[in-house]
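The next block is upload-v1.csv, given as CSV, C-alpha atoms.
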chain,number,residue,atom,x,y,z
A,1339,MET,CA,-21.6,2.4,64.5
A,1340,SER,CA,-22.7,1.1,61.2
A,1341,SER,CA,-22.7,2.9,58.1
A,1342,SER,CA,-24.8,1.9,55.3
A,1343,ILE,CA,-23.7,2.5,51.7
A,1344,ALA,CA,-26.4,3.1,49.3
A,1345,PHE,CA,-25.6,1.8,45.8
A,1346,ALA,CA,-27.1,3.8,43.0
A,1347,PRO,CA,-28.8,1.7,40.4
A,1348,SER,CA,-26.7,1.2,37.4
A,1349,PRO,CA,-27.8,3.3,34.5
A,1350,VAL,CA,-29.5,1.5,31.7
A,1351,ARG,CA,-27.2,1.1,28.8
A,1352,ARG,CA,-28.7,1.6,25.5
A,1353,ARG,CA,-26.7,0.3,22.6
A,1354,ASN,CA,-26.8,2.4,19.5
A,1355,LEU,CA,-27.7,1.0,16.1
A,1356,PHE,CA,-24.2,0.6,15.0
A,1357,ALA,CA,-23.0,-1.2,18.1
A,1358,ARG,CA,-26.0,-3.5,17.9
A,1359,ALA,CA,-25.3,-4.2,14.2
A,1360,ALA,CA,-22.3,-6.1,15.2
A,1361,GLY,CA,-24.4,-8.3,17.4
A,1362,SER,CA,-26.4,-11.3,16.6
A,1363,TRP,CA,-29.3,-11.4,14.0
A,1364,LYS,CA,-31.5,-13.1,16.6
A,1365,GLU,CA,-31.0,-10.3,19.2
A,1366,ALA,CA,-31.7,-7.5,16.7
A,1367,THR,CA,-35.0,-5.6,16.4
A,1368,PRO,CA,-36.7,-5.4,13.0
A,1369,SER,CA,-35.3,-2.0,12.3
A,1370,GLU,CA,-31.8,-3.2,13.2
A,1371,ARG,CA,-32.3,-6.2,10.9
A,1372,ILE,CA,-33.2,-3.9,8.0
A,1373,PHE,CA,-30.1,-1.8,8.7
A,1374,MET,CA,-27.9,-4.9,8.9
A,1375,LEU,CA,-29.4,-6.2,5.6
A,1376,PHE,CA,-28.8,-3.0,3.8
A,1377,SER,CA,-25.3,-2.8,5.2
A,1378,TYR,CA,-24.4,-6.2,4.0
A,1379,LEU,CA,-25.9,-5.6,0.6
A,1380,ILE,CA,-23.9,-2.4,0.2
A,1381,LEU,CA,-20.7,-4.3,1.4
A,1382,ILE,CA,-21.3,-7.2,-1.0
A,1383,GLY,CA,-21.9,-4.8,-3.9
A,1384,TRP,CA,-18.7,-2.9,-3.1
A,1385,ALA,CA,-16.8,-6.1,-2.9
A,1386,VAL,CA,-18.1,-7.2,-6.3
A,1387,VAL,CA,-17.1,-3.9,-7.8
A,1388,SER,CA,-13.7,-4.0,-6.2
A,1389,LEU,CA,-12.9,-7.6,-7.1
A,1390,PHE,CA,-14.2,-7.4,-10.7
A,1391,PRO,CA,-10.9,-6.1,-12.2
A,1392,LEU,CA,-9.0,-9.0,-10.6
A,1393,TYR,CA,-11.6,-11.5,-12.0
A,1394,TRP,CA,-11.4,-9.9,-15.4
A,1395,MET,CA,-7.6,-10.0,-15.4
A,1396,VAL,CA,-7.4,-13.7,-14.5
A,1397,THR,CA,-10.1,-14.8,-17.0
A,1398,THR,CA,-8.6,-12.7,-19.8
A,1399,ALA,CA,-5.2,-14.3,-19.1
A,1400,LEU,CA,-6.8,-17.8,-19.4
A,1401,LYS,CA,-8.6,-17.0,-22.7
A,1402,PRO,CA,-7.2,-17.7,-26.1
A,1403,PRO,CA,-6.0,-14.5,-27.9
A,1404,THR,CA,-8.9,-14.7,-30.5
A,1405,VAL,CA,-11.5,-14.6,-27.7
A,1406,VAL,CA,-10.0,-11.7,-25.7
A,1407,MET,CA,-11.1,-8.9,-28.0
A,1408,SER,CA,-14.5,-10.4,-29.1
A,1409,LEU,CA,-17.7,-8.5,-28.8
A,1410,PRO,CA,-19.8,-9.1,-26.8
A,1411,PRO,CA,-17.1,-10.2,-24.2
A,1412,GLU,CA,-17.2,-13.6,-22.7
A,1413,TRP,CA,-17.8,-13.1,-19.0
A,1414,ILE,CA,-17.1,-16.8,-18.2
A,1415,PRO,CA,-14.5,-18.3,-20.5
A,1416,THR,CA,-15.7,-21.4,-22.4
A,1417,SER,CA,-12.2,-22.6,-23.3
A,1418,VAL,CA,-9.2,-22.2,-20.9
A,1419,SER,CA,-5.7,-22.0,-22.2
A,1420,LEU,CA,-2.3,-21.5,-20.6
A,1421,ASN,CA,-0.6,-20.6,-23.9
A,1422,ASN,CA,-0.6,-16.9,-23.0
A,1423,PHE,CA,1.7,-17.7,-20.0
A,1424,TRP,CA,3.9,-20.0,-22.1
A,1425,GLU,CA,4.4,-17.3,-24.7
A,1426,ALA,CA,5.0,-14.6,-22.1
A,1427,PHE,CA,7.7,-16.6,-20.4
A,1428,ALA,CA,9.3,-17.9,-23.6
A,1429,ASN,CA,9.4,-14.6,-25.5
A,1430,SER,CA,10.6,-12.3,-22.8
A,1431,PRO,CA,13.2,-12.4,-20.0
A,1432,VAL,CA,10.8,-12.4,-17.1
A,1433,GLY,CA,13.4,-14.1,-14.8
A,1434,ARG,CA,15.8,-11.2,-15.5
A,1435,TRP,CA,13.1,-8.6,-14.8
A,1436,THR,CA,12.2,-10.3,-11.5
A,1437,PHE,CA,15.9,-10.4,-10.5
A,1438,ASN,CA,16.3,-6.7,-11.4
A,1439,SER,CA,13.2,-5.8,-9.3
A,1440,LEU,CA,14.3,-7.8,-6.3
A,1441,PHE,CA,17.8,-6.5,-6.5
A,1442,MET,CA,16.7,-2.9,-6.7
A,1443,ALA,CA,14.1,-3.2,-4.0
A,1444,LEU,CA,16.5,-5.0,-1.5
A,1445,SER,CA,19.4,-2.7,-2.3
A,1446,VAL,CA,17.5,0.6,-1.9
A,1447,THR,CA,15.7,-0.6,1.2
A,1448,GLY,CA,19.0,-1.8,2.8
A,1449,PHE,CA,20.9,1.4,2.1
A,1450,GLN,CA,18.0,3.6,3.1
A,1451,LEU,CA,17.8,1.7,6.4
A,1452,LEU,CA,21.5,2.1,6.9
A,1453,PHE,CA,21.8,5.8,6.0
A,1454,ALA,CA,18.4,6.9,7.6
A,1455,THR,CA,19.4,5.2,10.9
A,1456,MET,CA,22.7,6.9,11.0
A,1457,ALA,CA,21.3,10.4,10.1
A,1458,GLY,CA,18.4,10.0,12.4
A,1459,TYR,CA,20.7,9.1,15.3
A,1460,GLY,CA,22.9,12.1,14.5
A,1461,PHE,CA,19.9,14.5,14.4
A,1462,SER,CA,18.3,13.1,17.6
A,1463,LYS,CA,21.3,12.4,19.9
A,1464,LYS,CA,24.1,14.7,18.8
A,1465,ARG,CA,24.2,18.4,19.5
A,1466,PHE,CA,25.7,20.7,16.9
A,1467,PRO,CA,25.1,24.2,15.7
A,1468,GLY,CA,22.4,24.5,13.1
A,1469,ARG,CA,21.1,21.0,13.8
A,1470,GLU,CA,17.4,21.9,13.7
A,1471,LEU,CA,17.7,24.2,10.7
A,1472,ILE,CA,19.6,21.5,8.7
A,1473,PHE,CA,17.1,18.8,9.7
A,1474,TRP,CA,14.0,20.9,8.8
A,1475,ILE,CA,15.5,22.0,5.5
A,1476,TYR,CA,16.2,18.3,4.7
A,1477,VAL,CA,12.8,17.2,5.7
A,1478,SER,CA,11.1,20.0,3.8
A,1479,SER,CA,12.7,18.5,0.6
A,1480,MET,CA,9.9,16.0,0.8
A,1481,MET,CA,7.6,18.7,-0.6
A,1482,ILE,CA,9.4,18.7,-3.9
A,1483,PRO,CA,7.4,16.4,-6.3
A,1484,GLY,CA,9.2,13.4,-7.5
A,1485,PHE,CA,8.4,14.2,-11.1
A,1486,ALA,CA,10.3,17.5,-10.8
A,1487,LEU,CA,13.4,15.5,-9.9
A,1488,ILE,CA,13.4,13.0,-12.7
A,1489,ILE,CA,15.3,15.1,-15.3
A,1490,PRO,CA,17.8,16.7,-12.9
A,1491,LEU,CA,18.6,13.2,-11.5
A,1492,PHE,CA,19.0,11.7,-15.0
A,1493,THR,CA,21.3,14.6,-16.0
A,1494,LEU,CA,23.4,14.0,-12.9
A,1495,MET,CA,23.6,10.2,-13.5
A,1496,THR,CA,24.6,10.9,-17.1
A,1497,LYS,CA,27.4,13.3,-16.0
A,1498,LEU,CA,28.6,10.7,-13.5
A,1499,GLY,CA,28.6,8.0,-16.2
A,1500,LEU,CA,26.1,5.9,-14.3
A,1501,VAL,CA,23.4,5.5,-17.0
A,1502,ASN,CA,22.4,1.9,-17.7
A,1503,SER,CA,23.9,0.6,-14.5
A,1504,TYR,CA,22.5,-0.7,-11.2
A,1505,LEU,CA,24.3,2.1,-9.3
A,1506,GLY,CA,22.6,4.7,-11.5
A,1507,LEU,CA,19.3,3.3,-10.4
A,1508,ILE,CA,20.1,2.8,-6.8
A,1509,ALA,CA,22.0,6.0,-6.0
A,1510,PRO,CA,19.0,8.5,-6.3
A,1511,GLY,CA,17.1,6.4,-3.8
A,1512,LEU,CA,19.7,6.3,-1.1
A,1513,SER,CA,18.6,9.4,0.8
A,1514,ALA,CA,15.1,9.4,2.0
A,1515,PRO,CA,14.0,12.4,4.1
A,1516,PHE,CA,11.0,10.5,5.4
A,1517,GLY,CA,13.3,7.7,6.7
A,1518,VAL,CA,15.5,10.2,8.5
A,1519,PHE,CA,12.5,12.0,10.0
A,1520,LEU,CA,11.1,8.6,11.1
A,1521,MET,CA,14.4,7.5,12.7
A,1522,ARG,CA,14.8,10.8,14.5
A,1523,GLN,CA,11.4,10.6,16.0
A,1524,PHE,CA,11.9,7.0,17.0

Step by step, read the file and then write its structure as structure tokens.
Amino acid sequence: MSSSIAFAPSPVRRRNLFARAAGSWKEATPSERIFMLFSYLILIGWAVVSLFPLYWMVTTALKPPTVVMSLPPEWIPTSVSLNNFWEAFANSPVGRWTFNSLFMALSVTGFQLLFATMAGYGFSKKRFPGRELIFWIYVSSMMIPGFALIIPLFTLMTKLGLVNSYLGLIAPGLSAPFGVFLMRQF
């Protein structure tokens, strides 16, 4: 007893225009080549528009101050000078600003990780009355715009005597509802 198995012919796969655009230029049909050409032209144009502010910032930083505000503007600087950088670093405490930024970022990130992990663990693993209600009220506080909290937080830090201190800058960022939500879901 032999049974024969008939294999159906495999369906012809037609690649659509977008799937083929990723293929080789040599394999493309003329219409696909036109599509690829226009796609790349649009992407190149978008890249130029997106990168132009960066180019302008760098070239303006390298120009002497007298040339910066000249009309018509110099698109390609004829004279390159690093005096702008020397003046910026000599006349302002850039090192202190960098330290303050790093200290603030690392402190707030570290404390948010610590507190969000503990709160997320409590909300996900521990059972207590009102757990869901407290969690969702806390998470819904993300809907309050940050700008609406600036004056109340400043008033609070003033009353606590924390104005012009690192703690006054770090304390408002210690509780992050999104971090707690993320840790609870994790």

Do a neighbour search on Ala1509 in chain A at 10 Å with only C-alpha atoms, toss out local chain neighbours closer than 3 positions, and write the hits as a VMD selection string.
-> chain A and resid 1445 to 1446 1449 1491 1495 1500 1504 to 1506 1512 to 1513

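With distances restricted to only C-alpha atoms, A:Ser1419 is the closest residue to Ala1399 in chain A from A:Ser1419, A:Ser1503, A:Ser1369, A:Ser1362.
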
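The point (-4.8, -19.4, -16.6) has these residues within 9 Å of it, counting only C-alpha atoms: Val1396, Thr1397, Thr1398, Ala1399, Leu1400, Lys1401, Val1418, Ser1419, Leu1420, Asn1421, Asn1422 and Phe1423 of chain A.
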
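Closest approach to Leu1451 in chain A among A:Phe1516, A:Phe1427, A:Phe1485, A:Phe1473: A:Phe1516, based on all atoms listed in the file.
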
Students should find that CA of Gly1511 in chain A and CA of Thr1447 in chain A are spaced 8.7 Å

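Using all atoms listed in the file, the nearest neighbour of Ala1514 in chain A within the list A:Arg1465, A:Phe1492, A:Leu1498, A:Gly1458 is A:Gly1458.
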
Computed gap from CA of Ala1486 in chain A to CA of Leu1440 in chain A is 26.0 Å

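Taking CA of Pro1391 in chain A and CA of Trp1435 in chain A as endpoints, the distance between them is 24.3 Å.
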
Compile the contact shell of Glu1412 in chain A as a ChimeraX atom specification: residues with an atom at most 12 Å away, counting all atoms listed in the file, same-chain residues fewer than 2 positions apart removed. /A:1394,1397-1398,1400-1402,1404-1410,1414-1418

Using all atoms listed in the file, the shortest atom-to-atom distance to Leu1375 in chain A among A:Gly1484, A:Tyr1393, A:Ala1443, A:Trp1363 belongs to A:Trp1363

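Closest approach to Gly1517 in chain A from the set A:Arg1371, A:Leu1381, A:Val1477, A:Asn1438 is made by A:Val1477, with distances taken over only C-alpha atoms.
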
First collect every listed atom of range 1472-1475 of chain A; then fit an axis-aligned box around them, widen it by 6 Å on each side, and give centre and edge lengths in Å to one decimal, as AutoDock Vina command-line options.
--center_x 16.8 --center_y 20.4 --center_z 7.6 --size_x 17.6 --size_y 15.2 --size_z 16.2

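Distances here use only C-alpha atoms; by that measure, the residue among A:Phe1519, A:Phe1524, A:Phe1390, A:Phe1373 closest to Glu1470 in chain A is A:Phe1519.
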
Complete range 1450-1479 of chain A with N, CA and C atoms (output as a PDB file, in the coordinates of the input).
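Saved the output as rebuild38.pdb:
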ATOM      1  N   GLN A1450      18.789   2.578   2.449  1.00  0.00           N
ATOM      2  CA  GLN A1450      18.000   3.600   3.100  1.00  0.00           C
ATOM      3  C   GLN A1450      17.921   3.331   4.623  1.00  0.00           C
ATOM      4  N   LEU A1451      17.787   2.073   5.003  1.00  0.00           N
ATOM      5  CA  LEU A1451      17.800   1.700   6.400  1.00  0.00           C
ATOM      6  C   LEU A1451      19.115   2.150   7.075  1.00  0.00           C
ATOM      7  N   LEU A1452      20.210   1.831   6.401  1.00  0.00           N
ATOM      8  CA  LEU A1452      21.500   2.100   6.900  1.00  0.00           C
ATOM      9  C   LEU A1452      21.724   3.662   7.087  1.00  0.00           C
ATOM     10  N   PHE A1453      21.496   4.397   6.003  1.00  0.00           N
ATOM     11  CA  PHE A1453      21.800   5.800   6.000  1.00  0.00           C
ATOM     12  C   PHE A1453      20.739   6.598   6.865  1.00  0.00           C
ATOM     13  N   ALA A1454      19.462   6.208   6.793  1.00  0.00           N
ATOM     14  CA  ALA A1454      18.400   6.900   7.600  1.00  0.00           C
ATOM     15  C   ALA A1454      18.656   6.675   9.070  1.00  0.00           C
ATOM     16  N   THR A1455      19.088   5.483   9.440  1.00  0.00           N
ATOM     17  CA  THR A1455      19.400   5.200  10.900  1.00  0.00           C
ATOM     18  C   THR A1455      20.516   6.051  11.365  1.00  0.00           C
ATOM     19  N   MET A1456      21.581   6.120  10.582  1.00  0.00           N
ATOM     20  CA  MET A1456      22.700   6.900  11.000  1.00  0.00           C
ATOM     21  C   MET A1456      22.389   8.407  11.077  1.00  0.00           C
ATOM     22  N   ALA A1457      21.693   8.929  10.052  1.00  0.00           N
ATOM     23  CA  ALA A1457      21.300  10.400  10.100  1.00  0.00           C
ATOM     24  C   ALA A1457      20.328  10.652  11.165  1.00  0.00           C
ATOM     25  N   GLY A1458      19.356   9.767  11.357  1.00  0.00           N
ATOM     26  CA  GLY A1458      18.400  10.000  12.400  1.00  0.00           C
ATOM     27  C   GLY A1458      19.022   9.978  13.789  1.00  0.00           C
ATOM     28  N   TYR A1459      19.995   9.100  13.981  1.00  0.00           N
ATOM     29  CA  TYR A1459      20.700   9.100  15.300  1.00  0.00           C
ATOM     30  C   TYR A1459      21.478  10.404  15.458  1.00  0.00           C
ATOM     31  N   GLY A1460      22.137  10.862  14.400  1.00  0.00           N
ATOM     32  CA  GLY A1460      22.900  12.100  14.500  1.00  0.00           C
ATOM     33  C   GLY A1460      21.990  13.301  14.809  1.00  0.00           C
ATOM     34  N   PHE A1461      20.831  13.354  14.163  1.00  0.00           N
ATOM     35  CA  PHE A1461      19.900  14.500  14.400  1.00  0.00           C
ATOM     36  C   PHE A1461      19.228  14.385  15.749  1.00  0.00           C
ATOM     37  N   SER A1462      19.063  13.187  16.310  1.00  0.00           N
ATOM     38  CA  SER A1462      18.300  13.100  17.600  1.00  0.00           C
ATOM     39  C   SER A1462      19.250  13.130  18.798  1.00  0.00           C
ATOM     40  N   LYS A1463      20.427  12.580  18.717  1.00  0.00           N
ATOM     41  CA  LYS A1463      21.300  12.400  19.900  1.00  0.00           C
ATOM     42  C   LYS A1463      22.451  13.412  19.956  1.00  0.00           C
ATOM     43  N   LYS A1464      22.963  13.809  18.824  1.00  0.00           N
ATOM     44  CA  LYS A1464      24.100  14.700  18.800  1.00  0.00           C
ATOM     45  C   LYS A1464      23.732  16.137  18.768  1.00  0.00           C
ATOM     46  N   ARG A1465      24.431  16.960  19.498  1.00  0.00           N
ATOM     47  CA  ARG A1465      24.200  18.400  19.500  1.00  0.00           C
ATOM     48  C   ARG A1465      25.230  19.104  18.711  1.00  0.00           C
ATOM     49  N   PHE A1466      24.796  19.899  17.737  1.00  0.00           N
ATOM     50  CA  PHE A1466      25.700  20.700  16.900  1.00  0.00           C
ATOM     51  C   PHE A1466      25.005  21.935  16.451  1.00  0.00           C
ATOM     52  N   PRO A1467      25.739  22.980  16.147  1.00  0.00           N
ATOM     53  CA  PRO A1467      25.100  24.200  15.700  1.00  0.00           C
ATOM     54  C   PRO A1467      24.359  24.042  14.397  1.00  0.00           C
ATOM     55  N   GLY A1468      23.149  24.567  14.328  1.00  0.00           N
ATOM     56  CA  GLY A1468      22.400  24.500  13.100  1.00  0.00           C
ATOM     57  C   GLY A1468      21.666  23.163  12.886  1.00  0.00           C
ATOM     58  N   ARG A1469      21.648  22.318  13.920  1.00  0.00           N
ATOM     59  CA  ARG A1469      21.100  21.000  13.800  1.00  0.00           C
ATOM     60  C   ARG A1469      19.620  21.026  13.366  1.00  0.00           C
ATOM     61  N   GLU A1470      18.810  21.832  14.040  1.00  0.00           N
ATOM     62  CA  GLU A1470      17.400  21.900  13.700  1.00  0.00           C
ATOM     63  C   GLU A1470      17.146  22.507  12.347  1.00  0.00           C
ATOM     64  N   LEU A1471      17.895  23.536  11.989  1.00  0.00           N
ATOM     65  CA  LEU A1471      17.700  24.200  10.700  1.00  0.00           C
ATOM     66  C   LEU A1471      18.075  23.182   9.565  1.00  0.00           C
ATOM     67  N   ILE A1472      19.178  22.469   9.685  1.00  0.00           N
ATOM     68  CA  ILE A1472      19.600  21.500   8.700  1.00  0.00           C
ATOM     69  C   ILE A1472      18.526  20.362   8.579  1.00  0.00           C
ATOM     70  N   PHE A1473      18.056  19.905   9.722  1.00  0.00           N
ATOM     71  CA  PHE A1473      17.100  18.800   9.700  1.00  0.00           C
ATOM     72  C   PHE A1473      15.789  19.258   9.016  1.00  0.00           C
ATOM     73  N   TRP A1474      15.275  20.428   9.348  1.00  0.00           N
ATOM     74  CA  TRP A1474      14.000  20.900   8.800  1.00  0.00           C
ATOM     75  C   TRP A1474      14.141  21.231   7.298  1.00  0.00           C
ATOM     76  N   ILE A1475      15.284  21.735   6.891  1.00  0.00           N
ATOM     77  CA  ILE A1475      15.500  22.000   5.500  1.00  0.00           C
ATOM     78  C   ILE A1475      15.526  20.640   4.716  1.00  0.00           C
ATOM     79  N   TYR A1476      16.187  19.640   5.299  1.00  0.00           N
ATOM     80  CA  TYR A1476      16.200  18.300   4.700  1.00  0.00           C
ATOM     81  C   TYR A1476      14.862  17.666   4.616  1.00  0.00           C
ATOM     82  N   VAL A1477      14.112  17.750   5.702  1.00  0.00           N
ATOM     83  CA  VAL A1477      12.800  17.200   5.700  1.00  0.00           C
ATOM     84  C   VAL A1477      11.838  17.927   4.787  1.00  0.00           C
ATOM     85  N   SER A1478      11.996  19.229   4.667  1.00  0.00           N
ATOM     86  CA  SER A1478      11.100  20.000   3.800  1.00  0.00           C
ATOM     87  C   SER A1478      11.378  19.653   2.307  1.00  0.00           C
ATOM     88  N   SER A1479      12.464  18.973   2.019  1.00  0.00           N
ATOM     89  CA  SER A1479      12.700  18.500   0.600  1.00  0.00           C
ATOM     90  C   SER A1479      11.681  17.485   0.198  1.00  0.00           C
TER      91      SER A1479
END
